[in-house]
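Content type PDB, C-alpha atoms and all ligand atoms, from the file run-v4.pdb:
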ATOM      1  CA  MET S   1     117.323 114.272  96.394  1.00  0.00           C
ATOM      2  CA  ILE S   2     114.071 113.812  98.271  1.00  0.00           C
ATOM      3  CA  HIS S   3     113.868 113.633 102.049  1.00  0.00           C
ATOM      4  CA  ILE S   4     111.381 111.016 103.179  1.00  0.00           C
ATOM      5  CA  ALA S   5     109.886 109.403 106.259  1.00  0.00           C
ATOM      6  CA  VAL S   6     108.943 105.748 105.758  1.00  0.00           C
ATOM      7  CA  PHE S   7     105.927 104.410 107.678  1.00  0.00           C
ATOM      8  CA  ILE S   8     105.744 100.697 108.463  1.00  0.00           C
ATOM      9  CA  SER S   9     103.692  98.336 110.609  1.00  0.00           C
ATOM     10  CA  GLY S  10     105.415  94.977 110.181  1.00  0.00           C
ATOM     11  CA  ARG S  11     107.957  93.021 108.178  1.00  0.00           C
ATOM     12  CA  GLY S  12     109.517  95.987 106.363  1.00  0.00           C
ATOM     13  CA  SER S  13     110.438  94.278 103.093  1.00  0.00           C
ATOM     14  CA  ASN S  14     109.484  97.400 101.117  1.00  0.00           C
ATOM     15  CA  LEU S  15     111.507  99.535 103.523  1.00  0.00           C
ATOM     16  CA  ASN S  16     114.414  97.189 102.869  1.00  0.00           C
ATOM     17  CA  ALA S  17     113.951  97.517  99.097  1.00  0.00           C
ATOM     18  CA  ILE S  18     113.996 101.323  99.438  1.00  0.00           C
ATOM     19  CA  ILE S  19     117.144 101.197 101.604  1.00  0.00           C
ATOM     20  CA  GLN S  20     118.850  98.932  99.026  1.00  0.00           C
ATOM     21  CA  ALA S  21     117.841 101.185  96.133  1.00  0.00           C
ATOM     22  CA  ILE S  22     119.309 104.195  97.933  1.00  0.00           C
ATOM     23  CA  SER S  23     122.539 102.381  98.674  1.00  0.00           C
ATOM     24  CA  ASP S  24     122.776 101.154  95.034  1.00  0.00           C
ATOM     25  CA  LYS S  25     122.214 104.750  93.874  1.00  0.00           C
ATOM     26  CA  ARG S  26     119.032 103.773  92.018  1.00  0.00           C
ATOM     27  CA  LEU S  27     117.072 106.100  94.274  1.00  0.00           C
ATOM     28  CA  ASP S  28     118.145 109.623  95.110  1.00  0.00           C
ATOM     29  CA  ALA S  29     116.485 109.858  98.507  1.00  0.00           C
ATOM     30  CA  LYS S  30     117.353 110.165 102.161  1.00  0.00           C
ATOM     31  CA  ILE S  31     115.298 108.348 104.767  1.00  0.00           C
ATOM     32  CA  GLU S  32     115.146 110.811 107.649  1.00  0.00           C
ATOM     33  CA  THR S  33     113.153 108.567 109.934  1.00  0.00           C
ATOM     34  CA  VAL S  34     111.171 105.333 110.028  1.00  0.00           C
ATOM     35  CA  ILE S  35     107.835 105.437 111.858  1.00  0.00           C
ATOM     36  CA  SER S  36     106.013 102.388 113.174  1.00  0.00           C
ATOM     37  CA  ASN S  37     102.749 101.971 115.053  1.00  0.00           C
ATOM     38  CA  ASP S  38     104.102  98.681 116.421  1.00  0.00           C
ATOM     39  CA  LYS S  39     107.214  98.577 118.608  1.00  0.00           C
ATOM     40  CA  ASP S  40     107.758  94.918 117.630  1.00  0.00           C
ATOM     41  CA  ALA S  41     107.667  95.500 113.874  1.00  0.00           C
ATOM     42  CA  ALA S  42     110.501  93.508 112.283  1.00  0.00           C
ATOM     43  CA  GLY S  43     111.089  96.419 109.925  1.00  0.00           C
ATOM     44  CA  LEU S  44     112.351  98.516 112.840  1.00  0.00           C
ATOM     45  CA  LEU S  45     115.310  96.139 113.172  1.00  0.00           C
ATOM     46  CA  ILE S  46     116.077  96.576 109.483  1.00  0.00           C
ATOM     47  CA  ALA S  47     116.020 100.354 109.986  1.00  0.00           C
ATOM     48  CA  GLU S  48     118.262 100.153 113.047  1.00  0.00           C
ATOM     49  CA  GLN S  49     120.718  97.819 111.309  1.00  0.00           C
ATOM     50  CA  HIS S  50     121.132 100.559 108.706  1.00  0.00           C
ATOM     51  CA  GLY S  51     121.603 103.260 111.315  1.00  0.00           C
ATOM     52  CA  LEU S  52     118.314 104.977 110.532  1.00  0.00           C
ATOM     53  CA  ASN S  53     116.390 107.080 113.012  1.00  0.00           C
ATOM     54  CA  THR S  54     113.255 105.252 114.184  1.00  0.00           C
ATOM     55  CA  TYR S  55     110.136 106.225 116.082  1.00  0.00           C
ATOM     56  CA  ALA S  56     107.722 103.542 117.284  1.00  0.00           C
ATOM     57  CA  LEU S  57     104.515 104.417 119.022  1.00  0.00           C
ATOM     58  CA  SER S  58     101.648 102.074 119.720  1.00  0.00           C
ATOM     59  CA  PRO S  59      98.242 103.759 119.558  1.00  0.00           C
ATOM     60  CA  LYS S  60      97.096 101.794 122.630  1.00  0.00           C
ATOM     61  CA  GLY S  61      95.453 104.038 125.209  1.00  0.00           C
ATOM     62  CA  MET S  62      95.335 107.010 122.838  1.00  0.00           C
ATOM     63  CA  ASN S  63      92.793 108.260 120.396  1.00  0.00           C
ATOM     64  CA  ARG S  64      93.744 108.773 116.743  1.00  0.00           C
ATOM     65  CA  ALA S  65      94.348 112.504 117.187  1.00  0.00           C
ATOM     66  CA  GLN S  66      96.692 111.998 120.154  1.00  0.00           C
ATOM     67  CA  HIS S  67      98.663 109.300 118.335  1.00  0.00           C
ATOM     68  CA  GLU S  68      99.006 111.406 115.213  1.00  0.00           C
ATOM     69  CA  GLU S  69      99.950 114.493 117.244  1.00  0.00           C
ATOM     70  CA  LYS S  70     102.920 112.605 118.726  1.00  0.00           C
ATOM     71  CA  ILE S  71     104.007 111.376 115.306  1.00  0.00           C
ATOM     72  CA  LEU S  72     103.737 114.922 113.945  1.00  0.00           C
ATOM     73  CA  GLU S  73     105.887 116.254 116.785  1.00  0.00           C
ATOM     74  CA  HIS S  74     108.532 113.712 115.831  1.00  0.00           C
ATOM     75  CA  LEU S  75     108.265 114.455 112.102  1.00  0.00           C
ATOM     76  CA  ASN S  76     108.550 118.186 112.707  1.00  0.00           C
ATOM     77  CA  GLN S  77     112.243 117.760 113.550  1.00  0.00           C
ATOM     78  CA  PHE S  78     112.908 116.967 109.915  1.00  0.00           C
ATOM     79  CA  LYS S  79     112.477 118.767 106.658  1.00  0.00           C
ATOM     80  CA  LEU S  80     110.496 116.229 104.680  1.00  0.00           C
ATOM     81  CA  ASP S  81     109.394 116.174 101.060  1.00  0.00           C
ATOM     82  CA  TYR S  82     107.245 113.038 101.183  1.00  0.00           C
ATOM     83  CA  LEU S  83     105.809 110.495 103.554  1.00  0.00           C
ATOM     84  CA  VAL S  84     106.229 107.006 102.114  1.00  0.00           C
ATOM     85  CA  LEU S  85     103.801 104.411 103.462  1.00  0.00           C
ATOM     86  CA  ALA S  86     105.262 100.914 103.187  1.00  0.00           C
ATOM     87  CA  GLY S  87     102.813  98.521 104.770  1.00  0.00           C
ATOM     88  CA  TYR S  88     101.515 101.078 107.286  1.00  0.00           C
ATOM     89  CA  MET S  89      98.199  99.583 108.321  1.00  0.00           C
ATOM     90  CA  ARG S  90      96.531 102.643 109.871  1.00  0.00           C
ATOM     91  CA  LEU S  91      94.435 105.300 108.231  1.00  0.00           C
ATOM     92  CA  LEU S  92      95.818 108.836 108.447  1.00  0.00           C
ATOM     93  CA  SER S  93      93.229 111.448 109.342  1.00  0.00           C
ATOM     94  CA  PRO S  94      92.536 114.585 107.272  1.00  0.00           C
ATOM     95  CA  ASP S  95      93.885 116.642 110.207  1.00  0.00           C
ATOM     96  CA  PHE S  96      97.199 114.844 109.959  1.00  0.00           C
ATOM     97  CA  LEU S  97      97.327 114.841 106.171  1.00  0.00           C
ATOM     98  CA  LYS S  98      96.755 118.598 105.896  1.00  0.00           C
ATOM     99  CA  HIS S  99     100.303 119.131 107.197  1.00  0.00           C
ATOM    100  CA  PHE S 100     101.596 117.487 104.036  1.00  0.00           C
ATOM    101  CA  LYS S 101      99.454 119.259 101.471  1.00  0.00           C
ATOM    102  CA  SER S 102     101.323 120.182  98.289  1.00  0.00           C
ATOM    103  CA  GLU S 103     100.904 123.377  96.314  1.00  0.00           C
ATOM    104  CA  HIS S 104      98.983 121.299  93.737  1.00  0.00           C
ATOM    105  CA  GLY S 105      96.333 120.356  96.281  1.00  0.00           C
ATOM    106  CA  HIS S 106      97.231 116.708  96.796  1.00  0.00           C
ATOM    107  CA  TYR S 107      99.038 115.316  99.816  1.00  0.00           C
ATOM    108  CA  ASN S 108     102.708 114.434  99.522  1.00  0.00           C
ATOM    109  CA  VAL S 109     101.961 111.019 100.961  1.00  0.00           C
ATOM    110  CA  VAL S 110     102.583 107.944  98.795  1.00  0.00           C
ATOM    111  CA  ASN S 111     101.391 104.393  99.417  1.00  0.00           C
ATOM    112  CA  ILE S 112     101.927 100.973  97.911  1.00  0.00           C
ATOM    113  CA  HIS S 113      98.975  98.615  97.767  1.00  0.00           C
ATOM    114  CA  PRO S 114      99.097  94.919  96.833  1.00  0.00           C
ATOM    115  CA  SER S 115      96.360  94.883  94.187  1.00  0.00           C
ATOM    116  CA  LEU S 116      95.300  96.678  91.029  1.00  0.00           C
ATOM    117  CA  LEU S 117      93.174  99.316  92.739  1.00  0.00           C
ATOM    118  CA  PRO S 118      90.270  99.910  92.893  1.00  0.00           C
ATOM    119  CA  ALA S 119      90.049  96.092  93.116  1.00  0.00           C
ATOM    120  CA  PHE S 120      90.676  94.513  96.504  1.00  0.00           C
ATOM    121  CA  PRO S 121      91.189  97.497  98.821  1.00  0.00           C
ATOM    122  CA  GLY S 122      91.764  97.027 102.555  1.00  0.00           C
ATOM    123  CA  THR S 123      93.877  94.325 104.132  1.00  0.00           C
ATOM    124  CA  ASP S 124      95.126  90.928 102.915  1.00  0.00           C
ATOM    125  CA  SER S 125      94.710  91.989  99.313  1.00  0.00           C
ATOM    126  CA  TYR S 126      96.877  89.212  97.850  1.00  0.00           C
ATOM    127  CA  LYS S 127      94.666  86.711  99.677  1.00  0.00           C
ATOM    128  CA  GLN S 128      91.500  88.504  98.569  1.00  0.00           C
ATOM    129  CA  ALA S 129      92.654  88.409  94.928  1.00  0.00           C
ATOM    130  CA  PHE S 130      93.924  84.823  95.123  1.00  0.00           C
ATOM    131  CA  ASP S 131      90.722  83.567  96.739  1.00  0.00           C
ATOM    132  CA  TYR S 132      88.648  85.436  94.158  1.00  0.00           C
ATOM    133  CA  GLY S 133      90.470  83.490  91.446  1.00  0.00           C
ATOM    134  CA  VAL S 134      92.107  86.348  89.538  1.00  0.00           C
ATOM    135  CA  LYS S 135      94.242  85.431  86.531  1.00  0.00           C
ATOM    136  CA  VAL S 136      96.252  88.617  86.984  1.00  0.00           C
ATOM    137  CA  GLY S 137      97.409  90.111  90.260  1.00  0.00           C
ATOM    138  CA  GLY S 138      99.004  93.494  90.618  1.00  0.00           C
ATOM    139  CA  VAL S 139     100.498  96.286  92.626  1.00  0.00           C
ATOM    140  CA  THR S 140      99.497  99.953  92.808  1.00  0.00           C
ATOM    141  CA  VAL S 141     101.474 102.978  93.938  1.00  0.00           C
ATOM    142  CA  HIS S 142      99.127 105.848  94.687  1.00  0.00           C
ATOM    143  CA  LEU S 143      98.749 109.102  96.528  1.00  0.00           C
ATOM    144  CA  ILE S 144      96.925 109.018  99.813  1.00  0.00           C
ATOM    145  CA  ASP S 145      93.716 110.982 100.147  1.00  0.00           C
ATOM    146  CA  GLU S 146      91.131 111.091 102.943  1.00  0.00           C
ATOM    147  CA  SER S 147      89.606 107.743 102.002  1.00  0.00           C
ATOM    148  CA  MET S 148      91.134 104.300 102.216  1.00  0.00           C
ATOM    149  CA  ASP S 149      93.069 103.070  99.143  1.00  0.00           C
ATOM    150  CA  ARG S 150      91.382 105.636  96.885  1.00  0.00           C
ATOM    151  CA  GLY S 151      93.925 108.353  95.999  1.00  0.00           C
ATOM    152  CA  ILE S 152      95.321 109.227  92.572  1.00  0.00           C
ATOM    153  CA  ILE S 153      97.143 106.308  90.960  1.00  0.00           C
ATOM    154  CA  ILE S 154     100.776 106.962  90.070  1.00  0.00           C
ATOM    155  CA  ALA S 155     101.762 103.514  88.788  1.00  0.00           C
ATOM    156  CA  GLN S 156     100.391 100.002  88.474  1.00  0.00           C
ATOM    157  CA  GLU S 157     102.082  96.772  87.533  1.00  0.00           C
ATOM    158  CA  PRO S 158     100.279  93.505  86.871  1.00  0.00           C
ATOM    159  CA  PHE S 159     101.747  90.047  87.363  1.00  0.00           C
ATOM    160  CA  PRO S 160     100.392  86.642  86.291  1.00  0.00           C
ATOM    161  CA  ARG S 161      98.771  84.036  88.468  1.00  0.00           C
ATOM    162  CA  PHE S 162      99.883  80.594  87.318  1.00  0.00           C
ATOM    163  CA  PRO S 163      97.607  77.536  87.576  1.00  0.00           C
ATOM    164  CA  ASP S 164      99.832  75.826  90.131  1.00  0.00           C
ATOM    165  CA  ASP S 165     100.248  78.914  92.325  1.00  0.00           C
ATOM    166  CA  THR S 166      99.637  78.707  96.037  1.00  0.00           C
ATOM    167  CA  LEU S 167      98.819  81.850  97.998  1.00  0.00           C
ATOM    168  CA  GLU S 168     102.486  81.869  99.033  1.00  0.00           C
ATOM    169  CA  THR S 169     103.929  81.742  95.504  1.00  0.00           C
ATOM    170  CA  PHE S 170     101.370  84.302  94.288  1.00  0.00           C
ATOM    171  CA  THR S 171     102.242  86.625  97.195  1.00  0.00           C
ATOM    172  CA  GLN S 172     105.987  86.221  96.651  1.00  0.00           C
ATOM    173  CA  ARG S 173     105.594  87.183  92.994  1.00  0.00           C
ATOM    174  CA  GLY S 174     103.645  90.256  94.048  1.00  0.00           C
ATOM    175  CA  LEU S 175     106.177  91.252  96.679  1.00  0.00           C
ATOM    176  CA  SER S 176     109.025  91.062  94.202  1.00  0.00           C
ATOM    177  CA  VAL S 177     107.028  93.386  91.916  1.00  0.00           C
ATOM    178  CA  GLU S 178     106.553  95.751  94.877  1.00  0.00           C
ATOM    179  CA  HIS S 179     110.261  95.731  95.648  1.00  0.00           C
ATOM    180  CA  SER S 180     111.214  96.873  92.161  1.00  0.00           C
ATOM    181  CA  LEU S 181     108.202  99.131  91.483  1.00  0.00           C
ATOM    182  CA  TYR S 182     108.230 101.230  94.669  1.00  0.00           C
ATOM    183  CA  PRO S 183     111.873 102.399  94.496  1.00  0.00           C
ATOM    184  CA  ALA S 184     111.481 103.055  90.742  1.00  0.00           C
ATOM    185  CA  VAL S 185     108.363 105.187  91.276  1.00  0.00           C
ATOM    186  CA  LEU S 186     110.016 107.045  94.142  1.00  0.00           C
ATOM    187  CA  GLN S 187     112.956 107.787  91.857  1.00  0.00           C
ATOM    188  CA  GLN S 188     110.559 109.219  89.250  1.00  0.00           C
ATOM    189  CA  ILE S 189     109.116 111.405  92.000  1.00  0.00           C
ATOM    190  CA  ALA S 190     112.631 112.428  93.079  1.00  0.00           C
ATOM    191  CA  LYS S 191     113.396 113.480  89.505  1.00  0.00           C
ATOM    192  CA  HIS S 192     110.106 114.966  88.366  1.00  0.00           C
ATOM    193  CA  GLY S 193     107.903 115.491  91.423  1.00  0.00           C
ATOM    194  CA  ILE S 194     104.260 114.473  91.300  1.00  0.00           C
ATOM    195  CA  GLU S 195     102.065 115.695  88.507  1.00  0.00           C
ATOM    196  CA  SER S 196      98.607 115.219  89.910  1.00  0.00           C
ATOM    197  CA  LYS S 197      95.581 115.525  87.719  1.00  0.00           C
ATOM    198  CA  PRO S 198      92.141 115.185  89.269  1.00  0.00           C
ATOM    199  CA  LYS S 199      90.571 111.774  88.780  1.00  0.00           C
ATOM    200  CA  GLN S 200      87.982 111.485  86.013  1.00  0.00           C
ATOM    201  CA  LYS S 201      84.441 110.950  87.241  1.00  0.00           C
ATOM    202  CA  LEU S 202      83.116 107.777  85.632  1.00  0.00           C
ATOM    203  CA  ASN S 203      79.438 108.451  86.235  1.00  0.00           C
ATOM    204  CA  LYS S 204      79.090 111.649  84.266  1.00  0.00           C
TER     205      LYS S 204
HETATM  206  C1  LIG K 301     102.948  94.928 101.394  1.00  0.00           C
HETATM  207  O1  LIG K 301     102.460  93.867 100.607  1.00  0.00           O
HETATM  208  C2  LIG K 301     102.174  96.203 101.111  1.00  0.00           C
HETATM  209  O2  LIG K 301     101.828  96.361  99.769  1.00  0.00           O
HETATM  210  C3  LIG K 301     100.964  95.983 101.989  1.00  0.00           C
HETATM  211  O3  LIG K 301     101.481  95.468 103.180  1.00  0.00           O
HETATM  212  C4  LIG K 301     102.642  94.693 102.880  1.00  0.00           C
HETATM  213  C5  LIG K 301     103.773  95.172 103.756  1.00  0.00           C
HETATM  214  O4  LIG K 301     104.888  94.353 103.608  1.00  0.00           O
HETATM  215  N1  LIG K 301     100.208  97.191 102.188  1.00  0.00           N
HETATM  216  C6  LIG K 301      98.885  97.242 102.298  1.00  0.00           C
HETATM  217  O5  LIG K 301      98.185  96.250 102.285  1.00  0.00           O
HETATM  218  C7  LIG K 301      98.299  98.632 102.456  1.00  0.00           C
HETATM  219  N2  LIG K 301      96.865  98.612 102.366  1.00  0.00           N
HETATM  220  P1  LIG K 301     106.324  94.836 104.091  1.00  0.00           P
HETATM  221  O6  LIG K 301     106.171  95.282 105.564  1.00  0.00           O
HETATM  222  O7  LIG K 301     107.184  93.606 103.979  1.00  0.00           O
HETATM  223  O8  LIG K 301     106.774  95.970 103.206  1.00  0.00           O
END

In structure tokens, how does this file's structure come out?
Amino acid sequence: MIHIAVFISGRGSNLNAIIQAISDKRLDAKIETVISNDKDAAGLLIAEQHGLNTYALSPKGMNRAQHEEKILEHLNQFKLDYLVLAGYMRLLSPDFLKHFKSEHGHYNVVNIHPSLLPAFPGTDSYKQAFDYGVKVGGVTVHLIDESMDRGIIIAQEPFPRFPDDTLETFTQRGLSVEHSLYPAVLQQIAKHGIESKPKQKLNK
């Protein structure tokens, strides 16, 4: 069993998929708390409907360090194995991340990203990929490091783009991949932990 905090910023469909996987016993995890940087995030309602602890704090009027300090204070009440980012649209600073450093040197902070990284980092990645004209979209689950969307890749799953796709149908296909991939990867982590090998340098 892994003890996790799930970080969201919006809709919370990945949070919902994780909650469902736990209740179906496909994922041996306990969500200790759900963190949001937006008090109006729809995902907070999903968390509350399932009786989960929530903590919402807008960064307005605070600098990054102050915002993260408050979140850390909240997280410190729990004994956590991993932070699980599920659509959390804020960068976490090295000062924050260092509290979650594993004995292997990586951070125990996992993220899901809606593209085959390193393609299409940042925001609106389904739209970026769709507008680019990809024939194959994809989803990446990776470890967080100090840079955006750059940490060690744990799993990737491609999905096709069909000729008659709209951005909506393409995005829906991607989201359904996310909803099966993320709980499955988290279950692998629950069973086996994270084996992190340093990334190969391509330009050697
Ligand atoms: C998901 O598509 C997730 O992969 C993406 O935000 C969406 C959140 O949806 N994350 C990123 O773009 C991170 N860079 P959800 O709130 O319904 O889970």

Proximity of stretch 149-190 of chain S to stretch 9-30 of chain S: per-residue shortest pair, 7 Å limit, all atoms listed in the file, as JSON lines:
{"residue": "S:His179", "atom": "CA", "partner": "S:Ala17", "partner_atom": "CA", "distance": 5.4}
{"residue": "S:Pro183", "atom": "CA", "partner": "S:Ile18", "partner_atom": "CA", "distance": 5.5}
{"residue": "S:Gln187", "atom": "CA", "partner": "S:Leu27", "partner_atom": "CA", "distance": 5.1}
{"residue": "S:Ala190", "atom": "CA", "partner": "S:Asp28", "partner_atom": "CA", "distance": 6.5}

Determine the residue set returned by the PyMOL selection byres (((not hetatm)) within 7 of (chain K and resi 301)) for the present structure, and present it as a PDB file with C-alpha atoms, in the frame of the given file.
ATOM      1  CA  ILE S   8     105.744 100.697 108.463  1.00  0.00           C
ATOM      2  CA  SER S   9     103.692  98.336 110.609  1.00  0.00           C
ATOM      3  CA  GLY S  10     105.415  94.977 110.181  1.00  0.00           C
ATOM      4  CA  ARG S  11     107.957  93.021 108.178  1.00  0.00           C
ATOM      5  CA  GLY S  12     109.517  95.987 106.363  1.00  0.00           C
ATOM      6  CA  SER S  13     110.438  94.278 103.093  1.00  0.00           C
ATOM      7  CA  ASN S  14     109.484  97.400 101.117  1.00  0.00           C
ATOM      8  CA  LEU S  15     111.507  99.535 103.523  1.00  0.00           C
ATOM      9  CA  GLY S  43     111.089  96.419 109.925  1.00  0.00           C
ATOM     10  CA  ALA S  86     105.262 100.914 103.187  1.00  0.00           C
ATOM     11  CA  GLY S  87     102.813  98.521 104.770  1.00  0.00           C
ATOM     12  CA  TYR S  88     101.515 101.078 107.286  1.00  0.00           C
ATOM     13  CA  MET S  89      98.199  99.583 108.321  1.00  0.00           C
ATOM     14  CA  ILE S 112     101.927 100.973  97.911  1.00  0.00           C
ATOM     15  CA  HIS S 113      98.975  98.615  97.767  1.00  0.00           C
ATOM     16  CA  PRO S 114      99.097  94.919  96.833  1.00  0.00           C
ATOM     17  CA  PRO S 121      91.189  97.497  98.821  1.00  0.00           C
ATOM     18  CA  GLY S 122      91.764  97.027 102.555  1.00  0.00           C
ATOM     19  CA  THR S 123      93.877  94.325 104.132  1.00  0.00           C
ATOM     20  CA  ASP S 124      95.126  90.928 102.915  1.00  0.00           C
ATOM     21  CA  SER S 125      94.710  91.989  99.313  1.00  0.00           C
ATOM     22  CA  ASP S 149      93.069 103.070  99.143  1.00  0.00           C
ATOM     23  CA  LEU S 175     106.177  91.252  96.679  1.00  0.00           C
ATOM     24  CA  GLU S 178     106.553  95.751  94.877  1.00  0.00           C
TER      25      GLU S 178
END

(request) Given the file shown, enumerate the residues that the PyMOL selection byres (((chain S and resi 65-75) around 10) and not hetatm) captures and present them as a VMD selection string. (result) chain S and resid 5 32 to 37 54 to 64 76 to 80 83 92 to 93 95 to 97 99

(request) Find the residue from S:Leu52, S:Ala129, S:Ile144, S:Leu181 that sits nearest to S:Tyr107; use all atoms listed in the file when measuring. (result) S:Ile144

(request) Could you check which of S:Ile153, S:Val177, S:Phe100, S:Pro163 is closest to S:Glu195, using only C-alpha atoms? (result) S:Ile153

(request) Write out as a PyMOL selection string each polymer residue whose atoms come within 8 Å of S:Gln156, counting all atoms listed in the file; drop sequence neighbours fewer than 3 positions from it. (result) chain S and resi 116+138-141+153

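You will find atom CA of S:Gly51 at 23.5 Å from atom CA of S:Asn111.
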
(message) I need the residue nearest S:Ser115 from this list: S:Lys191, S:Lys39, S:His142, S:Lys101. Use all atoms listed in the file for the distance.
(response) S:His142
